[in-house]
file work.cif (mmCIF, C-alpha atoms (C1' of nucleotides))
data_upload
#
loop_
_atom_site.group_PDB
_atom_site.id
_atom_site.type_symbol
_atom_site.label_atom_id
_atom_site.label_comp_id
_atom_site.auth_asym_id
_atom_site.auth_seq_id
_atom_site.Cartn_x
_atom_site.Cartn_y
_atom_site.Cartn_z
ATOM 1 C CA MET A 1 156.533 19.462 77.701
ATOM 2 C CA THR A 2 158.334 16.436 79.116
ATOM 3 C CA ASP A 3 161.610 16.165 80.979
ATOM 4 C CA VAL A 4 161.361 12.413 81.073
ATOM 5 C CA ALA A 5 165.006 12.086 80.329
ATOM 6 C CA ALA A 6 166.123 13.417 83.671
ATOM 7 C CA CYS A 7 165.434 10.512 85.972
ATOM 8 C CA CYS A 8 166.300 7.000 85.091
ATOM 9 C CA ALA A 9 168.998 4.515 84.369
ATOM 10 C CA PRO A 10 170.448 3.989 80.881
ATOM 11 C CA ILE A 11 168.173 1.855 78.725
ATOM 12 C CA THR A 12 170.823 -0.825 78.466
ATOM 13 C CA ARG A 13 171.143 -1.150 82.248
ATOM 14 C CA GLU A 14 167.598 -2.096 83.061
ATOM 15 C CA ALA A 15 164.474 -2.901 81.074
ATOM 16 C CA ILE A 16 162.506 0.120 79.921
ATOM 17 C CA ASP A 17 158.705 0.121 80.111
ATOM 18 C CA GLN A 18 156.337 1.193 77.366
ATOM 19 C CA HIS A 19 155.673 4.627 78.819
ATOM 20 C CA SER A 20 159.318 5.559 79.357
ATOM 21 C CA ALA A 21 160.134 4.336 75.855
ATOM 22 C CA THR A 22 157.468 6.604 74.388
ATOM 23 C CA GLU A 23 158.736 9.604 76.318
ATOM 24 C CA LEU A 24 162.365 9.052 75.405
ATOM 25 C CA ALA A 25 161.376 8.515 71.784
ATOM 26 C CA ARG A 26 159.593 11.857 71.886
ATOM 27 C CA SER A 27 162.801 13.597 72.948
ATOM 28 C CA LEU A 28 164.857 11.777 70.347
ATOM 29 C CA LYS A 29 162.364 12.630 67.589
ATOM 30 C CA ALA A 30 162.888 16.296 68.408
ATOM 31 C CA LEU A 31 166.606 15.815 67.843
ATOM 32 C CA ALA A 32 166.375 13.533 64.823
ATOM 33 C CA ASP A 33 166.317 16.233 62.146
ATOM 34 C CA PRO A 34 169.284 17.832 60.385
ATOM 35 C CA ALA A 35 167.832 21.325 60.550
ATOM 36 C CA ARG A 36 167.190 21.101 64.279
ATOM 37 C CA LEU A 37 170.642 19.675 64.994
ATOM 38 C CA ARG A 38 172.175 22.556 63.109
ATOM 39 C CA LEU A 39 169.990 24.998 65.021
ATOM 40 C CA ILE A 40 171.263 23.561 68.309
ATOM 41 C CA SER A 41 174.835 23.807 67.110
ATOM 42 C CA MET A 42 174.385 27.330 65.795
ATOM 43 C CA VAL A 43 172.749 28.621 68.949
ATOM 44 C CA ALA A 44 175.431 27.049 71.131
ATOM 45 C CA ALA A 45 178.152 28.609 68.984
ATOM 46 C CA HIS A 46 176.548 32.042 68.862
ATOM 47 C CA ASP A 47 177.612 35.002 70.989
ATOM 48 C CA ASP A 48 176.425 34.561 74.566
ATOM 49 C CA ALA A 49 175.029 31.136 73.519
ATOM 50 C CA GLU A 50 171.877 32.864 72.386
ATOM 51 C CA ALA A 51 170.360 33.716 69.031
ATOM 52 C CA CYS A 52 167.250 35.207 67.483
ATOM 53 C CA VAL A 53 165.395 33.843 64.460
ATOM 54 C CA CYS A 54 166.963 36.434 62.218
ATOM 55 C CA ASP A 55 170.428 35.085 63.063
ATOM 56 C CA LEU A 56 169.440 31.571 62.060
ATOM 57 C CA THR A 57 167.275 31.813 58.957
ATOM 58 C CA GLY A 58 170.024 32.850 56.577
ATOM 59 C CA PRO A 59 172.755 30.369 57.526
ATOM 60 C CA LEU A 60 170.271 27.512 57.760
ATOM 61 C CA GLY A 61 168.929 28.113 54.265
ATOM 62 C CA LEU A 62 165.303 27.543 55.196
ATOM 63 C CA SER A 63 162.313 29.867 55.180
ATOM 64 C CA GLN A 64 161.481 31.890 58.263
ATOM 65 C CA PRO A 65 158.248 29.972 59.018
ATOM 66 C CA THR A 66 160.133 26.695 58.829
ATOM 67 C CA VAL A 67 162.802 27.937 61.224
ATOM 68 C CA SER A 68 160.144 29.125 63.647
ATOM 69 C CA HIS A 69 158.501 25.725 63.430
ATOM 70 C CA HIS A 70 161.714 23.885 64.282
ATOM 71 C CA LEU A 71 162.411 26.230 67.169
ATOM 72 C CA LYS A 72 158.952 25.606 68.530
ATOM 73 C CA VAL A 73 159.540 21.865 68.397
ATOM 74 C CA LEU A 74 162.786 22.255 70.314
ATOM 75 C CA VAL A 75 161.130 24.427 72.951
ATOM 76 C CA ALA A 76 158.301 21.907 73.325
ATOM 77 C CA ALA A 77 160.895 19.189 73.817
ATOM 78 C CA GLY A 78 162.545 21.131 76.622
ATOM 79 C CA ILE A 79 165.772 21.660 74.695
ATOM 80 C CA PHE A 80 165.449 25.393 74.042
ATOM 81 C CA THR A 81 164.035 28.271 76.028
ATOM 82 C CA ARG A 82 162.483 31.269 74.368
ATOM 83 C CA SER A 83 162.661 34.817 75.688
ATOM 84 C CA GLN A 84 161.152 37.715 73.835
ATOM 85 C CA ARG A 85 162.895 41.057 74.105
ATOM 86 C CA GLY A 86 161.207 43.735 72.068
ATOM 87 C CA THR A 87 160.628 42.623 68.524
ATOM 88 C CA TRP A 88 163.128 39.805 68.746
ATOM 89 C CA ALA A 89 162.756 36.294 70.138
ATOM 90 C CA TYR A 90 165.924 34.851 71.600
ATOM 91 C CA TYR A 91 166.507 31.138 71.890
ATOM 92 C CA ARG A 92 168.920 29.466 74.276
ATOM 93 C CA LEU A 93 169.865 25.903 75.213
ATOM 94 C CA VAL A 94 168.363 24.527 78.408
ATOM 95 C CA PRO A 95 171.360 23.548 80.563
ATOM 96 C CA GLY A 96 171.634 19.804 80.919
ATOM 97 C CA ALA A 97 168.797 18.968 78.540
ATOM 98 C CA LEU A 98 170.968 17.250 75.946
ATOM 99 C CA ASP A 99 173.018 15.599 78.669
ATOM 100 C CA SER A 100 169.890 14.030 80.151
ATOM 101 C CA VAL A 101 169.088 12.385 76.847
ATOM 102 C CA ALA A 102 172.683 11.317 76.292
ATOM 103 C CA ARG A 103 172.838 9.766 79.747
ATOM 104 C CA LEU A 104 169.988 7.417 78.883
ATOM 105 C CA LEU A 105 171.779 6.115 75.810
ATOM 106 C CA VAL A 106 175.217 5.500 77.224
ATOM 107 C CA THR A 107 176.139 1.918 78.077
ATOM 108 C CA ALA A 108 179.170 2.421 80.299
ATOM 109 C CA MET B 1 175.414 1.871 57.041
ATOM 110 C CA THR B 2 176.994 4.897 58.637
ATOM 111 C CA ASP B 3 179.177 5.171 61.710
ATOM 112 C CA VAL B 4 179.235 8.924 61.430
ATOM 113 C CA ALA B 5 178.828 9.253 65.133
ATOM 114 C CA ALA B 6 182.267 7.944 65.933
ATOM 115 C CA CYS B 7 184.497 10.839 65.020
ATOM 116 C CA CYS B 8 183.700 14.351 65.941
ATOM 117 C CA ALA B 9 183.218 16.847 68.696
ATOM 118 C CA PRO B 10 179.876 17.354 70.458
ATOM 119 C CA ILE B 11 177.507 19.479 68.404
ATOM 120 C CA THR B 12 177.485 22.170 71.071
ATOM 121 C CA ARG B 13 181.263 22.505 71.015
ATOM 122 C CA GLU B 14 181.742 23.439 67.401
ATOM 123 C CA ALA B 15 179.463 24.223 64.487
ATOM 124 C CA ILE B 16 178.157 21.186 62.642
ATOM 125 C CA ASP B 17 177.975 21.173 58.859
ATOM 126 C CA GLN B 18 175.026 20.083 56.739
ATOM 127 C CA HIS B 19 176.411 16.658 55.955
ATOM 128 C CA SER B 20 177.297 15.742 59.526
ATOM 129 C CA ALA B 21 173.895 16.946 60.677
ATOM 130 C CA THR B 22 172.194 14.666 58.165
ATOM 131 C CA GLU B 23 174.231 11.688 59.255
ATOM 132 C CA LEU B 24 173.664 12.245 62.965
ATOM 133 C CA ALA B 25 169.969 12.766 62.298
ATOM 134 C CA ARG B 26 169.921 9.410 60.537
ATOM 135 C CA SER B 27 171.292 7.691 63.635
ATOM 136 C CA LEU B 28 168.884 9.508 65.918
ATOM 137 C CA LYS B 29 165.928 8.641 63.713
ATOM 138 C CA ALA B 30 166.782 4.974 64.159
ATOM 139 C CA LEU B 31 166.578 5.460 67.927
ATOM 140 C CA ALA B 32 163.542 7.732 67.969
ATOM 141 C CA ASP B 33 160.899 5.028 68.165
ATOM 142 C CA PRO B 34 159.415 3.449 71.297
ATOM 143 C CA ALA B 35 159.454 -0.065 69.847
ATOM 144 C CA ARG B 36 163.113 0.168 68.861
ATOM 145 C CA LEU B 37 164.135 1.620 72.222
ATOM 146 C CA ARG B 38 162.409 -1.273 73.945
ATOM 147 C CA LEU B 39 164.121 -3.726 71.602
ATOM 148 C CA ILE B 40 167.499 -2.266 72.537
ATOM 149 C CA SER B 41 166.656 -2.490 76.212
ATOM 150 C CA MET B 42 165.310 -6.028 75.908
ATOM 151 C CA VAL B 43 168.294 -7.317 73.979
ATOM 152 C CA ALA B 44 170.718 -5.733 76.440
ATOM 153 C CA ALA B 45 168.859 -7.274 79.363
ATOM 154 C CA HIS B 46 168.592 -10.718 77.785
ATOM 155 C CA ASP B 47 170.807 -13.673 78.655
ATOM 156 C CA ASP B 48 174.245 -13.217 77.126
ATOM 157 C CA ALA B 49 173.074 -9.801 75.847
ATOM 158 C CA GLU B 50 171.647 -11.540 72.805
ATOM 159 C CA ALA B 51 168.151 -12.425 71.631
ATOM 160 C CA CYS B 52 166.323 -13.920 68.683
ATOM 161 C CA VAL B 53 163.144 -12.577 67.105
ATOM 162 C CA CYS B 54 161.049 -15.170 68.899
ATOM 163 C CA ASP B 55 162.223 -13.808 72.266
ATOM 164 C CA LEU B 56 161.114 -10.292 71.362
ATOM 165 C CA THR B 57 157.833 -10.551 69.483
ATOM 166 C CA GLY B 58 155.723 -11.576 72.458
ATOM 167 C CA PRO B 59 156.932 -9.092 75.072
ATOM 168 C CA LEU B 60 156.918 -6.240 72.571
ATOM 169 C CA GLY B 61 153.307 -6.872 71.561
ATOM 170 C CA LEU B 62 153.895 -6.298 67.864
ATOM 171 C CA SER B 63 153.614 -8.627 64.902
ATOM 172 C CA GLN B 64 156.606 -10.645 63.782
ATOM 173 C CA PRO B 65 157.047 -8.746 60.478
ATOM 174 C CA THR B 66 157.028 -5.467 62.353
ATOM 175 C CA VAL B 67 159.659 -6.688 64.806
ATOM 176 C CA SER B 68 161.828 -7.895 61.931
ATOM 177 C CA HIS B 69 161.449 -4.498 60.305
ATOM 178 C CA HIS B 70 162.588 -2.644 63.414
ATOM 179 C CA LEU B 71 165.543 -4.972 63.859
ATOM 180 C CA LYS B 72 166.566 -4.366 60.265
ATOM 181 C CA VAL B 73 166.475 -0.618 60.855
ATOM 182 C CA LEU B 74 168.690 -0.979 63.907
ATOM 183 C CA VAL B 75 171.161 -3.151 62.014
ATOM 184 C CA ALA B 76 171.281 -0.648 59.149
ATOM 185 C CA ALA B 77 171.990 2.084 61.685
ATOM 186 C CA GLY B 78 174.942 0.145 63.071
ATOM 187 C CA ILE B 79 173.339 -0.376 66.457
ATOM 188 C CA PHE B 80 172.655 -4.103 66.227
ATOM 189 C CA THR B 81 174.512 -6.985 64.639
ATOM 190 C CA ARG B 82 172.723 -9.996 63.262
ATOM 191 C CA SER B 83 174.054 -13.532 63.352
ATOM 192 C CA GLN B 84 172.075 -16.428 62.025
ATOM 193 C CA ARG B 85 172.512 -19.767 63.769
ATOM 194 C CA GLY B 86 170.354 -22.464 62.288
ATOM 195 C CA THR B 87 166.767 -21.375 61.981
ATOM 196 C CA TRP B 88 167.175 -18.536 64.442
ATOM 197 C CA ALA B 89 168.541 -15.029 63.957
ATOM 198 C CA TYR B 90 170.298 -13.571 66.967
ATOM 199 C CA TYR B 91 170.639 -9.852 67.502
ATOM 200 C CA ARG B 92 173.244 -8.155 69.678
ATOM 201 C CA LEU B 93 174.248 -4.589 70.521
ATOM 202 C CA VAL B 94 177.296 -3.221 68.699
ATOM 203 C CA PRO B 95 179.730 -2.216 71.472
ATOM 204 C CA GLY B 96 180.094 1.537 71.684
ATOM 205 C CA ALA B 97 177.448 2.356 69.090
ATOM 206 C CA LEU B 98 175.076 4.070 71.479
ATOM 207 C CA ASP B 99 177.967 5.755 73.262
ATOM 208 C CA SER B 100 179.140 7.308 70.010
ATOM 209 C CA VAL B 101 175.769 8.939 69.523
ATOM 210 C CA ALA B 102 175.553 10.014 73.148
ATOM 211 C CA ARG B 103 179.010 11.579 72.966
ATOM 212 C CA LEU B 104 177.859 13.921 70.195
ATOM 213 C CA LEU B 105 174.955 15.196 72.272
ATOM 214 C CA VAL B 106 176.699 15.841 75.550
ATOM 215 C CA THR B 107 177.602 19.437 76.373
ATOM 216 C CA ALA B 108 180.102 18.970 79.179
ATOM 217 C "C1'" DT C 1 148.389 56.863 64.356
ATOM 218 C "C1'" DC C 2 150.672 54.631 60.827
ATOM 219 C "C1'" DA C 3 154.286 52.151 58.528
ATOM 220 C "C1'" DA C 4 157.814 48.869 58.853
ATOM 221 C "C1'" DC C 5 159.797 45.022 60.912
ATOM 222 C "C1'" DA C 6 160.310 40.365 63.525
ATOM 223 C "C1'" DC C 7 158.105 36.547 64.395
ATOM 224 C "C1'" DA C 8 154.168 33.146 64.841
ATOM 225 C "C1'" DT C 9 150.313 30.756 62.931
ATOM 226 C "C1'" DC C 10 147.581 28.709 59.228
ATOM 227 C "C1'" DG C 11 146.507 25.666 55.444
ATOM 228 C "C1'" DA C 12 148.210 22.812 52.020
ATOM 229 C "C1'" DC C 13 151.163 19.564 49.758
ATOM 230 C "C1'" DG C 14 154.365 15.702 49.198
ATOM 231 C "C1'" DG C 15 156.992 12.247 51.213
ATOM 232 C "C1'" DC C 16 158.382 9.235 54.775
ATOM 233 C "C1'" DC C 17 157.281 5.792 58.473
ATOM 234 C "C1'" DG C 18 155.062 2.246 61.524
ATOM 235 C "C1'" DT C 19 152.006 -1.352 61.165
ATOM 236 C "C1'" DC C 20 149.729 -5.293 59.377
ATOM 237 C "C1'" DG C 21 148.358 -9.739 56.654
ATOM 238 C "C1'" DA C 22 149.930 -12.508 53.077
ATOM 239 C "C1'" DT C 23 153.588 -14.697 51.172
ATOM 240 C "C1'" DA C 24 158.379 -16.108 50.177
ATOM 241 C "C1'" DT C 25 162.833 -18.008 51.848
ATOM 242 C "C1'" DC C 26 165.715 -20.713 54.507
ATOM 243 C "C1'" DC C 27 166.844 -24.375 57.729
ATOM 244 C "C1'" DC C 28 166.133 -28.393 60.427
ATOM 245 C "C1'" DT C 29 163.976 -32.883 61.269
ATOM 246 C "C1'" DG C 30 161.992 -37.109 60.284
ATOM 247 C "C1'" DC D 1 162.551 -35.442 50.093
ATOM 248 C "C1'" DA D 2 158.605 -33.634 52.441
ATOM 249 C "C1'" DG D 3 156.819 -30.996 56.162
ATOM 250 C "C1'" DG D 4 157.021 -27.577 59.620
ATOM 251 C "C1'" DG D 5 158.916 -23.799 61.976
ATOM 252 C "C1'" DA D 6 161.590 -19.229 62.242
ATOM 253 C "C1'" DT D 7 162.385 -15.264 59.863
ATOM 254 C "C1'" DA D 8 162.458 -12.012 55.928
ATOM 255 C "C1'" DT D 9 160.151 -9.627 52.255
ATOM 256 C "C1'" DC D 10 156.184 -7.543 49.881
ATOM 257 C "C1'" DG D 11 152.309 -4.504 49.156
ATOM 258 C "C1'" DA D 12 149.089 -1.635 51.157
ATOM 259 C "C1'" DC D 13 147.105 1.606 54.286
ATOM 260 C "C1'" DG D 14 146.850 5.498 57.509
ATOM 261 C "C1'" DG D 15 149.089 8.931 59.911
ATOM 262 C "C1'" DC D 16 152.779 11.959 60.948
ATOM 263 C "C1'" DC D 17 156.331 15.406 59.477
ATOM 264 C "C1'" DG D 18 159.127 18.958 56.954
ATOM 265 C "C1'" DT D 19 158.466 22.555 53.982
ATOM 266 C "C1'" DC D 20 156.446 26.476 51.872
ATOM 267 C "C1'" DG D 21 153.600 30.921 50.789
ATOM 268 C "C1'" DA D 22 150.168 33.676 52.696
ATOM 269 C "C1'" DT D 23 148.548 35.850 56.501
ATOM 270 C "C1'" DG D 24 148.016 37.270 61.439
ATOM 271 C "C1'" DT D 25 150.065 39.454 65.718
ATOM 272 C "C1'" DG D 26 152.690 42.433 68.302
ATOM 273 C "C1'" DT D 27 156.391 45.913 68.826
ATOM 274 C "C1'" DT D 28 159.156 49.856 67.445
ATOM 275 C "C1'" DG D 29 159.856 54.363 65.837
ATOM 276 C "C1'" DA D 30 158.637 58.452 63.174
#

call {"tool": "encode", "arguments": {"input": "work.cif", "output": "structure tokens"}}
result
Amino acid sequence: MTDVAACCAPITREAIDQHSATELARSLKALADPARLRLISMVAAHDDAEACVCDLTGPLGLSQPTVSHHLKVLVAAGIFTRSQRGTWAYYRLVPGALDSVARLLVTA
Amino acid sequence: MTDVAACCAPITREAIDQHSATELARSLKALADPARLRLISMVAAHDDAEACVCDLTGPLGLSQPTVSHHLKVLVAAGIFTRSQRGTWAYYRLVPGALDSVARLLVTA
DNA sequence: TCAACACATCGACGGCCGTCGATATCCCTG
DNA sequence: CAGGGATATCGACGGCCGTCGATGTGTTGA
């Protein structure tokens, strides 16, 4: 929904306005959950850096609806892409998405 | 409380376990709020990279108890330090704290 | 066409979080 | 020592979020 993180200077380099703060907080909220962090890690580590829901539900130890919910949040945050092939839905990291967020936090 | 962010490889480089995910999520939760992001930015931009509550309440547009609450959260997360001098409490960024979190998110 | 499968959506529940006003605590000044 | 000012803590309220079971949707294959 928002790729706010892809534009500006680190928040410690120049003052951040209310709107930018809200947008960055939205991205960080999407990341600030153990289950979603593990999903990111698991997808990145999976073969071809891609995984379907069925690959993730078991190892994560959460119900299938809950996993789908977290994946939807990550897609909405611009961190994952979703591509449906047949019955399966494959999720993949958006290149540079995490880096954009990280760049806004760094102080150096 | 936790400096979990200061040790490991980026989450996209190797699989993250449940415990590490919880700890990183805790740090990210502390950052995932517009008011706290603006506090970080305002403190970093302030003279001598340091500010007291009275410097922050007005510009932030929130009540003094709420500002104190957010500052406490950031201190607990290891992002701010607090030093009391006389009646005033001065808050300052912990060097490298944000970078440690950012390092765990980066993919490159 | 029907059954089975993968996944999404829905509705509900419990808990956590941001915010505030009121109040307590601490420190300085006179 | 008394008063005032800066900050922290408390208690409460409303809203958001993670989780689940039940159900809906769409695709595959017999």

call {"tool": "atom_distance", "arguments": {"input": "work.cif", "atom1": "atom C1' of DT1 of chain C", "atom2": "atom C1' of DT28 of chain D"}}
result
13.2 Å

call {"tool": "closest_atom_pairs", "arguments": {"input": "work.cif", "of": "chain B", "to": "chain C", "cutoff": "7 Å", "atoms": "all atoms listed in the file", "output": "CSV"}}
result
residue,atom,partner,partner_atom,distance
B:Thr66,CA,C:DT19,C1',6.6
B:Gly86,CA,C:DC27,C1',6.1
B:Thr87,CA,C:DC27,C1',5.2

call {"tool": "closest_atom_pairs", "arguments": {"input": "work.cif", "of": "chain D", "to": "chain B", "cutoff": "8 Å", "atoms": "only C-alpha atoms (C1' of nucleotides)", "output": "Markdown table"}}
result
| residue | atom | partner | partner_atom | distance |
| --- | --- | --- | --- | --- |
| D:DA6 | C1' | B:Thr87 | CA | 5.6 |
| D:DT7 | C1' | B:Trp88 | CA | 7.4 |
| D:DA8 | C1' | B:Ser68 | CA | 7.3 |

call {"tool": "atom_distance", "arguments": {"input": "work.cif", "atom1": "atom CA of Pro34 of chain B", "atom2": "atom CA of Thr12 of chain A"}}
result
14.1 Å

call {"tool": "residues_around", "arguments": {"input": "work.cif", "residues": "Glu14 of chain A", "least_positions_apart": "2", "cutoff": "10 Å", "atoms": "all atoms listed in the file", "output": "ChimeraX atom specification"}}
result
/A:8-12,16-17 /B:41-42,44-45

call {"tool": "interface_residues", "arguments": {"input": "work.cif", "of": "chain A", "to": "chain B", "cutoff": "12 Å", "atoms": "only C-alpha atoms", "output": "VMD selection string"}}
result
chain A and resid 9 to 46 49 59 to 61 79 92 to 108

call {"tool": "resolve_selection", "arguments": {"input": "work.cif", "expression": "the PyMOL selection byres ((chain A and resi 77) around 7)", "output": "ChimeraX atom specification"}}
result
/A:1-2,27,30,73-76,78-79

call {"tool": "atom_distance", "arguments": {"input": "work.cif", "atom1": "atom C1' of DT23 of chain D", "atom2": "atom CA of Ser63 of chain A"}}
result
15.1 Å

call {"tool": "calpha_fit_and_write", "arguments": {"input": "work.cif", "fixed": "chain B", "moving": "chain A", "output": "short mmCIF file (atom, residue, chain, number, x, y, z; two decimals) with C-alpha atoms, in the frame of the given file"}}
result
data_model
loop_
_atom_site.label_atom_id
_atom_site.label_comp_id
_atom_site.auth_asym_id
_atom_site.auth_seq_id
_atom_site.Cartn_x
_atom_site.Cartn_y
_atom_site.Cartn_z
CA MET A 1 175.44 1.81 56.97
CA THR A 2 177.01 4.85 58.62
CA ASP A 3 179.17 5.14 61.70
CA VAL A 4 179.23 8.89 61.43
CA ALA A 5 178.84 9.23 65.13
CA ALA A 6 182.27 7.91 65.93
CA CYS A 7 184.49 10.82 65.02
CA CYS A 8 183.68 14.34 65.95
CA ALA A 9 183.21 16.83 68.69
CA PRO A 10 179.87 17.35 70.47
CA ILE A 11 177.50 19.47 68.40
CA THR A 12 177.49 22.16 71.05
CA ARG A 13 181.28 22.50 71.01
CA GLU A 14 181.75 23.43 67.40
CA ALA A 15 179.48 24.22 64.47
CA ILE A 16 178.15 21.18 62.64
CA ASP A 17 177.98 21.17 58.83
CA GLN A 18 175.03 20.08 56.74
CA HIS A 19 176.42 16.65 55.95
CA SER A 20 177.31 15.73 59.54
CA ALA A 21 173.89 16.95 60.68
CA THR A 22 172.19 14.66 58.17
CA GLU A 23 174.24 11.67 59.26
CA LEU A 24 173.67 12.24 62.96
CA ALA A 25 169.97 12.76 62.31
CA ARG A 26 169.92 9.41 60.54
CA SER A 27 171.28 7.69 63.64
CA LEU A 28 168.88 9.51 65.93
CA LYS A 29 165.90 8.64 63.71
CA ALA A 30 166.78 4.98 64.17
CA LEU A 31 166.57 5.47 67.92
CA ALA A 32 163.53 7.74 67.97
CA ASP A 33 160.87 5.03 68.18
CA PRO A 34 159.41 3.44 71.30
CA ALA A 35 159.44 -0.06 69.85
CA ARG A 36 163.09 0.18 68.86
CA LEU A 37 164.13 1.62 72.22
CA ARG A 38 162.41 -1.26 73.94
CA LEU A 39 164.11 -3.71 71.59
CA ILE A 40 167.50 -2.26 72.54
CA SER A 41 166.65 -2.49 76.21
CA MET A 42 165.31 -6.02 75.90
CA VAL A 43 168.30 -7.31 73.98
CA ALA A 44 170.72 -5.72 76.44
CA ALA A 45 168.84 -7.27 79.36
CA HIS A 46 168.58 -10.71 77.78
CA ASP A 47 170.81 -13.66 78.65
CA ASP A 48 174.26 -13.21 77.13
CA ALA A 49 173.07 -9.80 75.83
CA GLU A 50 171.65 -11.54 72.80
CA ALA A 51 168.17 -12.41 71.62
CA CYS A 52 166.34 -13.92 68.67
CA VAL A 53 163.15 -12.57 67.11
CA CYS A 54 161.07 -15.16 68.89
CA ASP A 55 162.24 -13.80 72.25
CA LEU A 56 161.13 -10.29 71.35
CA THR A 57 157.84 -10.55 69.49
CA GLY A 58 155.74 -11.58 72.46
CA PRO A 59 156.93 -9.09 75.08
CA LEU A 60 156.92 -6.24 72.57
CA GLY A 61 153.31 -6.86 71.57
CA LEU A 62 153.90 -6.30 67.87
CA SER A 63 153.60 -8.64 64.90
CA GLN A 64 156.60 -10.66 63.79
CA PRO A 65 157.04 -8.75 60.49
CA THR A 66 157.02 -5.46 62.37
CA VAL A 67 159.66 -6.69 64.81
CA SER A 68 161.83 -7.88 61.94
CA HIS A 69 161.44 -4.49 60.31
CA HIS A 70 162.59 -2.63 63.42
CA LEU A 71 165.54 -4.96 63.85
CA LYS A 72 166.56 -4.35 60.27
CA VAL A 73 166.47 -0.61 60.86
CA LEU A 74 168.69 -0.98 63.91
CA VAL A 75 171.17 -3.15 62.02
CA ALA A 76 171.26 -0.64 59.16
CA ALA A 77 171.99 2.09 61.68
CA GLY A 78 174.94 0.16 63.07
CA ILE A 79 173.33 -0.36 66.46
CA PHE A 80 172.66 -4.09 66.22
CA THR A 81 174.52 -6.97 64.63
CA ARG A 82 172.73 -9.98 63.26
CA SER A 83 174.07 -13.52 63.32
CA GLN A 84 172.09 -16.43 62.01
CA ARG A 85 172.54 -19.77 63.73
CA GLY A 86 170.36 -22.46 62.25
CA THR A 87 166.77 -21.36 62.01
CA TRP A 88 167.22 -18.53 64.47
CA ALA A 89 168.56 -15.02 63.95
CA TYR A 90 170.31 -13.56 66.96
CA TYR A 91 170.64 -9.84 67.50
CA ARG A 92 173.24 -8.15 69.67
CA LEU A 93 174.25 -4.58 70.51
CA VAL A 94 177.28 -3.20 68.70
CA PRO A 95 179.71 -2.21 71.48
CA GLY A 96 180.08 1.54 71.70
CA ALA A 97 177.44 2.36 69.10
CA LEU A 98 175.05 4.08 71.50
CA ASP A 99 177.95 5.75 73.28
CA SER A 100 179.13 7.31 70.02
CA VAL A 101 175.76 8.94 69.53
CA ALA A 102 175.54 10.02 73.15
CA ARG A 103 178.99 11.58 72.97
CA LEU A 104 177.85 13.91 70.21
CA LEU A 105 174.96 15.22 72.28
CA VAL A 106 176.69 15.85 75.57
CA THR A 107 177.61 19.44 76.39
CA ALA A 108 180.11 18.95 79.20
#

call {"tool": "axis_aligned_box", "arguments": {"input": "work.cif", "around": "segment 10-15 of chain D", "padding_each_side": "6 Å", "output": "lines of an AutoDock Vina configuration file"}}
result
center_x = 151.5
center_y = 0.7
center_z = 54.5
size_x = 21.3
size_y = 28.5
size_z = 22.8
